[in-house]
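Peer 1: Contents are mmCIF, C-alpha atoms; file name target-v2.cif:
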```cif
data_upload
#
loop_
_atom_site.label_atom_id
_atom_site.label_comp_id
_atom_site.auth_asym_id
_atom_site.auth_seq_id
_atom_site.Cartn_x
_atom_site.Cartn_y
_atom_site.Cartn_z
CA MET T 1 1.86 -7.86 -26.63
CA ARG T 2 4.13 -10.52 -25.17
CA THR T 3 5.81 -8.08 -22.88
CA SER T 4 2.68 -7.38 -20.85
CA ARG T 5 2.34 -10.93 -19.58
CA ARG T 6 5.29 -10.64 -17.24
CA ILE T 7 4.61 -7.16 -15.82
CA VAL T 8 3.11 -8.22 -12.51
CA ALA T 9 5.86 -10.75 -11.84
CA PHE T 10 8.55 -8.19 -12.48
CA ALA T 11 6.93 -5.62 -10.21
CA CYS T 12 7.09 -8.15 -7.39
CA VAL T 13 10.75 -8.87 -8.13
CA THR T 14 11.63 -5.16 -7.96
CA VAL T 15 9.99 -4.79 -4.57
CA ALA T 16 11.75 -7.92 -3.31
CA ILE T 17 15.13 -6.63 -4.41
CA PHE T 18 14.88 -3.57 -2.19
CA ALA T 19 13.07 -5.33 0.63
CA THR T 20 16.03 -7.63 1.17
CA ARG T 21 18.60 -4.85 1.27
CA PRO T 22 19.61 -2.93 4.41
CA SER T 23 18.82 0.75 4.57
CA GLY T 24 21.78 3.10 4.40
CA ALA T 25 22.66 6.76 4.43
CA PHE T 26 21.55 7.13 0.79
CA ASP T 27 24.40 9.52 0.12
CA GLY T 28 25.25 8.25 -3.33
CA THR T 29 28.27 6.24 -2.24
CA ALA T 30 28.91 2.98 -4.03
CA ASP T 31 26.32 0.30 -3.31
CA ALA T 32 25.41 -3.01 -4.84
CA ASP T 33 23.33 -2.68 -7.99
CA PRO T 34 19.88 -4.23 -7.49
CA GLN T 35 19.81 -5.54 -11.05
CA SER T 36 21.32 -8.88 -10.11
CA GLY T 37 18.09 -10.38 -8.81
CA ALA T 38 15.72 -9.25 -11.52
CA ALA T 39 13.97 -11.81 -13.65
CA PRO T 40 13.82 -11.12 -17.39
CA LEU T 41 10.75 -9.18 -18.47
CA ALA T 42 9.78 -6.64 -21.05
CA VAL T 43 7.31 -3.87 -20.47
CA VAL T 44 6.05 -0.73 -22.13
CA ALA T 45 5.00 2.25 -19.90
CA ALA T 46 4.27 6.20 -18.69
CA PRO T 47 3.98 9.15 -15.97
CA THR T 48 1.92 12.32 -16.21
CA GLY T 49 2.58 15.03 -13.63
CA GLY T 50 5.42 15.55 -11.19
CA VAL T 51 8.11 13.49 -12.89
CA ALA T 52 10.86 15.34 -14.70
CA VAL T 53 11.15 12.89 -17.57
CA VAL T 54 14.07 13.50 -19.89
CA LYS T 55 12.77 14.18 -23.37
CA LYS T 56 15.87 13.35 -25.36
CA ILE T 57 16.49 9.75 -26.38
CA VAL T 58 20.05 8.78 -25.60
CA PRO T 59 21.61 6.52 -28.24
CA PRO T 60 23.41 3.35 -27.16
CA ALA T 61 27.17 3.49 -26.91
CA ASN T 62 27.59 1.33 -29.98
CA ILE T 63 25.26 -0.11 -32.60
CA PRO T 64 26.87 -3.11 -34.29
CA ASN T 65 26.78 -4.11 -37.95
CA ILE T 66 24.70 -1.24 -39.35
CA PRO T 67 26.81 1.28 -41.28
CA GLU T 68 26.06 4.96 -40.84
CA SER T 69 25.51 5.26 -44.60
CA ALA T 70 22.78 2.62 -44.68
CA SER T 71 19.79 3.76 -46.73
CA LEU T 72 16.27 3.95 -45.41
CA THR T 73 15.28 0.98 -47.55
CA ALA T 74 18.20 -1.09 -46.31
CA LEU T 75 17.33 -0.26 -42.72
CA GLN T 76 13.70 -1.22 -43.31
CA TYR T 77 14.69 -4.61 -44.75
CA ALA T 78 17.04 -5.25 -41.85
CA ALA T 79 14.39 -4.18 -39.35
CA GLU T 80 11.84 -6.56 -40.89
CA ASP T 81 14.40 -9.33 -40.48
CA GLY T 82 14.49 -8.56 -36.74
CA HIS T 83 17.81 -6.69 -36.66
CA ALA T 84 17.67 -4.73 -33.39
CA ALA T 85 20.23 -2.15 -34.53
CA ALA T 86 18.21 -1.33 -37.65
CA GLN T 87 15.01 -1.11 -35.61
CA TRP T 88 16.73 1.25 -33.19
CA LYS T 89 18.06 3.49 -35.98
CA LEU T 90 14.64 3.70 -37.62
CA GLY T 91 12.98 4.40 -34.28
CA ARG T 92 15.43 7.24 -33.67
CA MET T 93 14.88 8.64 -37.15
CA TYR T 94 11.11 8.76 -36.76
CA ALA T 95 11.34 10.04 -33.18
CA THR T 96 13.55 12.97 -34.17
CA GLY T 97 12.35 13.57 -37.73
CA VAL T 98 15.85 13.14 -39.17
CA ASN T 99 15.71 12.23 -42.90
CA VAL T 100 12.06 11.23 -42.52
CA PRO T 101 8.88 13.03 -41.41
CA ARG T 102 8.58 12.81 -37.65
CA ASP T 103 6.20 10.04 -36.65
CA ASP T 104 6.21 9.17 -32.96
CA LEU T 105 3.83 6.26 -33.36
CA ARG T 106 6.12 4.58 -35.91
CA ALA T 107 9.07 5.23 -33.63
CA PHE T 108 7.14 3.66 -30.78
CA GLU T 109 6.40 0.60 -32.89
CA TYR T 110 10.06 0.08 -33.77
CA PHE T 111 11.10 0.41 -30.14
CA SER T 112 8.32 -2.01 -29.19
CA LYS T 113 9.68 -4.62 -31.59
CA ILE T 114 13.04 -4.45 -29.88
CA ALA T 115 11.46 -4.80 -26.45
CA ASN T 116 9.30 -7.73 -27.51
CA GLN T 117 12.03 -9.63 -29.32
CA HIS T 118 14.98 -9.01 -27.01
CA ALA T 119 13.62 -8.54 -23.48
CA GLU T 120 15.31 -11.71 -22.26
CA ASP T 121 18.67 -11.08 -23.90
CA SER T 122 21.59 -11.19 -21.51
CA PRO T 123 22.61 -7.79 -20.09
CA SER T 124 26.10 -8.61 -21.40
CA ALA T 125 24.90 -9.31 -24.96
CA PRO T 126 26.29 -7.06 -27.71
CA GLN T 127 22.87 -5.51 -28.34
CA ALA T 128 22.02 -5.04 -24.65
CA SER T 129 22.51 -1.26 -24.75
CA ILE T 130 20.11 -1.04 -27.69
CA VAL T 131 17.47 -3.06 -25.87
CA ALA T 132 17.82 -1.05 -22.67
CA ASN T 133 17.57 2.24 -24.52
CA ALA T 134 14.50 1.00 -26.39
CA PHE T 135 12.80 0.34 -23.07
CA VAL T 136 13.69 3.83 -21.89
CA ALA T 137 12.43 5.40 -25.11
CA LEU T 138 9.14 3.53 -24.76
CA GLY T 139 8.84 4.60 -21.15
CA ARG T 140 9.20 8.23 -22.16
CA TYR T 141 6.52 7.87 -24.81
CA TYR T 142 4.14 6.38 -22.29
CA SER T 143 5.02 9.14 -19.86
CA ALA T 144 2.92 11.61 -21.81
CA GLY T 145 1.24 9.37 -24.36
CA ILE T 146 1.23 10.10 -28.08
CA ALA T 147 -1.45 12.57 -29.10
CA ASN T 148 -4.27 11.29 -31.30
CA THR T 149 -3.11 7.67 -31.09
CA ARG T 150 -3.87 4.58 -29.06
CA ILE T 151 -0.81 5.27 -26.86
CA LYS T 152 -2.18 6.94 -23.74
CA ALA T 153 -0.35 8.21 -20.69
CA ASP T 154 -0.07 5.40 -18.17
CA PRO T 155 2.06 6.09 -15.06
CA GLU T 156 2.01 2.53 -13.77
CA ARG T 157 3.22 1.07 -17.04
CA ALA T 158 5.91 3.76 -17.14
CA ARG T 159 7.19 2.68 -13.75
CA GLU T 160 7.20 -0.96 -14.82
CA MET T 161 9.06 -0.05 -18.00
CA PHE T 162 11.72 1.97 -16.23
CA SER T 163 11.94 -0.66 -13.49
CA TYR T 164 12.87 -3.34 -15.98
CA ALA T 165 15.48 -1.27 -17.80
CA ALA T 166 16.88 -0.08 -14.47
CA SER T 167 17.03 -3.47 -12.75
CA TYR T 168 17.72 -6.02 -15.45
CA PHE T 169 19.93 -3.92 -17.73
CA GLY T 170 21.23 -1.48 -15.11
CA ASN T 171 20.42 1.46 -17.38
CA ALA T 172 21.28 4.78 -15.72
CA GLU T 173 18.66 6.82 -17.62
CA ALA T 174 15.97 4.39 -16.48
CA GLN T 175 17.29 4.50 -12.93
CA TYR T 176 17.05 8.30 -12.90
CA ASN T 177 13.50 8.33 -14.29
CA LEU T 178 12.46 5.60 -11.86
CA ALA T 179 13.96 7.55 -8.97
CA ARG T 180 11.91 10.61 -9.89
CA MET T 181 8.74 8.53 -9.99
CA TYR T 182 9.32 7.16 -6.49
CA LEU T 183 10.33 10.58 -5.13
CA ASN T 184 7.21 12.21 -6.57
CA GLY T 185 4.80 9.33 -6.06
CA VAL T 186 3.86 9.07 -9.74
CA GLY T 187 2.83 5.62 -10.97
CA THR T 188 3.51 4.27 -7.50
CA SER T 189 3.30 5.26 -3.86
CA ARG T 190 5.79 7.94 -2.86
CA ASP T 191 8.86 6.22 -1.42
CA THR T 192 11.89 8.37 -0.72
CA LYS T 193 14.04 5.40 0.27
CA TYR T 194 13.61 3.61 -3.05
CA GLY T 195 13.84 6.87 -4.95
CA VAL T 196 17.16 7.85 -3.43
CA ARG T 197 18.60 4.37 -3.91
CA TRP T 198 17.88 4.52 -7.64
CA LEU T 199 19.16 8.09 -7.74
CA GLY T 200 22.44 7.02 -6.15
CA LEU T 201 22.91 4.17 -8.62
CA ALA T 202 22.35 6.48 -11.59
CA ALA T 203 24.66 9.13 -10.13
CA GLN T 204 27.44 6.61 -9.64
CA LYS T 205 27.17 5.71 -13.32
CA GLY T 206 27.60 9.33 -14.35
CA GLN T 207 23.99 10.31 -15.08
CA HIS T 208 24.34 14.04 -14.52
CA GLN T 209 20.71 14.84 -13.73
CA ALA T 210 20.77 12.21 -11.01
CA GLN T 211 24.02 13.69 -9.72
CA ALA T 212 22.46 17.15 -9.64
CA LEU T 213 19.30 16.08 -7.83
CA LEU T 214 21.17 13.92 -5.34
CA GLY T 215 23.66 16.72 -4.74
CA LYS T 216 20.92 19.26 -4.16
CA MET T 217 19.13 16.96 -1.73
CA LEU T 218 22.32 16.26 0.21
CA PHE T 219 23.42 19.88 0.32
CA ASN T 220 20.03 21.07 1.57
CA GLY T 221 19.30 18.07 3.79
CA ASP T 222 16.13 17.41 1.82
CA HIS T 223 14.82 13.97 2.95
CA LEU T 224 18.44 13.05 3.72
CA GLN T 225 20.93 13.80 6.45
CA ARG T 226 22.66 16.99 5.35
CA GLN T 227 26.11 16.41 3.87
CA ALA T 228 27.07 19.74 2.34
CA ALA T 229 30.48 18.72 1.02
CA ARG T 230 29.22 15.52 -0.61
CA GLY T 231 26.26 17.38 -2.06
CA LEU T 232 28.57 20.01 -3.51
CA MET T 233 30.73 17.28 -5.02
CA TRP T 234 27.76 15.80 -6.91
CA LEU T 235 26.59 19.23 -8.03
CA THR T 236 30.08 20.02 -9.34
CA LEU T 237 30.11 16.85 -11.41
CA ALA T 238 26.60 17.51 -12.69
CA GLN T 239 27.15 21.09 -13.81
CA GLU T 240 30.22 20.09 -15.80
CA SER T 241 28.09 17.72 -17.90
CA ALA T 242 24.89 19.77 -18.04
CA SER T 243 23.83 21.52 -21.23
CA PRO T 244 23.30 25.31 -21.19
CA GLU T 245 19.54 24.69 -21.32
CA GLU T 246 19.60 22.76 -18.05
CA THR T 247 19.49 25.93 -15.99
CA TRP T 248 18.16 24.18 -12.89
CA ILE T 249 21.45 22.30 -12.59
CA HIS T 250 23.63 25.37 -13.04
CA ASP T 251 21.44 27.38 -10.65
CA SER T 252 21.58 24.63 -8.02
CA TYR T 253 25.37 24.49 -8.28
CA ASN T 254 25.78 28.27 -8.08
CA THR T 255 23.45 28.52 -5.09
CA ALA T 256 25.29 25.75 -3.25
CA MET T 257 28.68 27.30 -3.98
CA ALA T 258 27.50 30.65 -2.63
CA LYS T 259 26.19 29.07 0.58
CA ALA T 260 29.04 26.61 1.15
CA SER T 261 31.70 27.31 3.74
CA GLU T 262 35.40 27.18 2.91
CA ASP T 263 35.60 23.85 4.73
CA ASP T 264 32.70 22.49 2.67
CA ARG T 265 34.41 23.52 -0.56
CA ALA T 266 37.74 22.03 0.47
CA MET T 267 36.13 18.74 1.49
CA ALA T 268 34.07 18.67 -1.71
CA LEU T 269 37.27 19.01 -3.73
CA GLN T 270 38.82 16.07 -1.88
CA LEU T 271 35.72 13.94 -2.43
CA LEU T 272 35.69 14.90 -6.09
CA GLN T 273 39.32 13.87 -6.53
CA ARG T 274 38.62 10.52 -4.88
CA TRP T 275 35.57 9.95 -7.08
CA VAL T 276 37.50 10.72 -10.26
CA GLN T 277 40.37 8.48 -9.18
CA GLY T 278 37.94 5.68 -8.40
CA ARG T 279 36.50 5.92 -11.91
CA ARG T 280 40.00 5.56 -13.35
CA ASP T 281 40.93 2.52 -11.25
#
```
Rewrite the coordinates I just gave you, this time as structure tokens.
Peer 2:
Amino acid sequence: MRTSRRIVAFACVTVAIFATRPSGAFDGTADADPQSGAAPLAVVAAPTGGVAVVKKIVPPANIPNIPESASLTALQYAAEDGHAAAQWKLGRMYATGVNVPRDDLRAFEYFSKIANQHAEDSPSAPQASIVANAFVALGRYYSAGIANTRIKADPERAREMFSYAASYFGNAEAQYNLARMYLNGVGTSRDTKYGVRWLGLAAQKGQHQAQALLGKMLFNGDHLQRQAARGLMWLTLAQESASPEETWIHDSYNTAMAKASEDDRAMALQLLQRWVQGRRD
């Protein structure tokens, strides 16, 4: 596959991006996004143990030119013509089993077409969100592999996949998954510094699992200087977006609230107000 030929080069670029940046407090405050120096590359990848990989596939914010009422046949014709939006819709259908029998290998193949054909598209291109999400979807498939198929779990390829989506496209889901891989040492050497940097970038973009993990680490002083108020702020944001099934986020928030002092809570509220205002500006 074309995408594999640039994997090694991209891995070097990712390391160089962080190597040239000064270390900081890693508290999730605004920092320059490392995507600016990444060279275009497409990859397909996967982690096995230790990484909390999100199972859901998040759809892009908008998918141009394909009506919701498009038939399966129409989507298939458009996909064969290289239409990324049609390929994405079909991949989602087969991945979730909506209106078609679930077939993860077929979903993988549609996502792979997007990655192969559009890896070098500009991050500002209309279809960029589709391409980035295709990379993330592929990374999740490679995280566990697809049973009884040629797609095997491959942690290193997973890291490369998430690295590309995180750096070149600035995708928050990829940044969160990449952070977990560095924090847990899956598919790469354990590196808390890199892990927390990616976590902070994803949290700033509103990825609630990243917000929750960063908040928990800050509140407890886990691998970071303890900042209880800032940690509580991130946990507050995270629990507001978390689904009922994400009990670890709600439990982390409730535990932090119970342990926090009145001063911590008051400061967290101030930080939260500033963060919300900054998002509006």
Peer 1: Specify the axis-aligned box that encloses all atoms of region 243-256 of chain T listed in the file after padding of 3 Å on each side, stating its centre and edge lengths in Å to one decimal as AutoDock Vina command-line options.
Peer 2:
```
--center_x 22.0 --center_y 25.0 --center_z -12.3 --size_x 13.6 --size_y 13.0 --size_z 24.1
```
Peer 1: Could you jot down the CA of Ala125 (chain T) to CA of Glu173 (chain T) separation for me, Å, one decimal place?
Peer 2: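 Atom-to-atom, CA of Ala125 (chain T) and CA of Glu173 (chain T) are spaced 18.8 Å apart.
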Peer 1: Please determine, counting all atoms listed in the file, which residue among T:Ala84, T:Ala144, T:Ala119, T:Ala179 has the shortest atom-to-atom distance to Arg197 (chain T).
Peer 2: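 So, comparing all the options, the nearest one is T:Ala179.
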Peer 1: Given the file shown, enumerate the residues that the PyMOL selection byres ((chain T and resi 198) around 7) captures and present them as a VMD selection string.
Peer 2: chain T and resid 175 to 176 178 to 179 194 to 197 199 to 202
Peer 1: Gly215 (chain T): which residues within 7 Å, counting all atoms listed in the file, same-chain residues fewer than 5 positions away excluded, as JSON, numbers by chain?
Peer 2: {"T": [231, 232, 234, 235]}
Peer 1: Find the residue from T:Ala256, T:Ile130, T:Met233, T:Phe169 that sits nearest to Ala203 (chain T); use all atoms listed in the file when measuring.
Peer 2: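 Closest residue, counting all atoms listed in the file: T:Met233.
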Peer 1: Please measure the separation of CA of Arg106 (chain T) and CA of Gln207 (chain T), giving the value in Å to one decimal.
Peer 2: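 Those two atoms sit 28.0 Å apart.
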Peer 1: Would you mind listing what lies within 9 Å of Lys89 (chain T) as an MDAnalysis selection string, with only C-alpha atoms counted and same-chain residues fewer than 3 positions away left out?
Peer 2: chainID T and resid 63 66 75 84:86 92:94 110
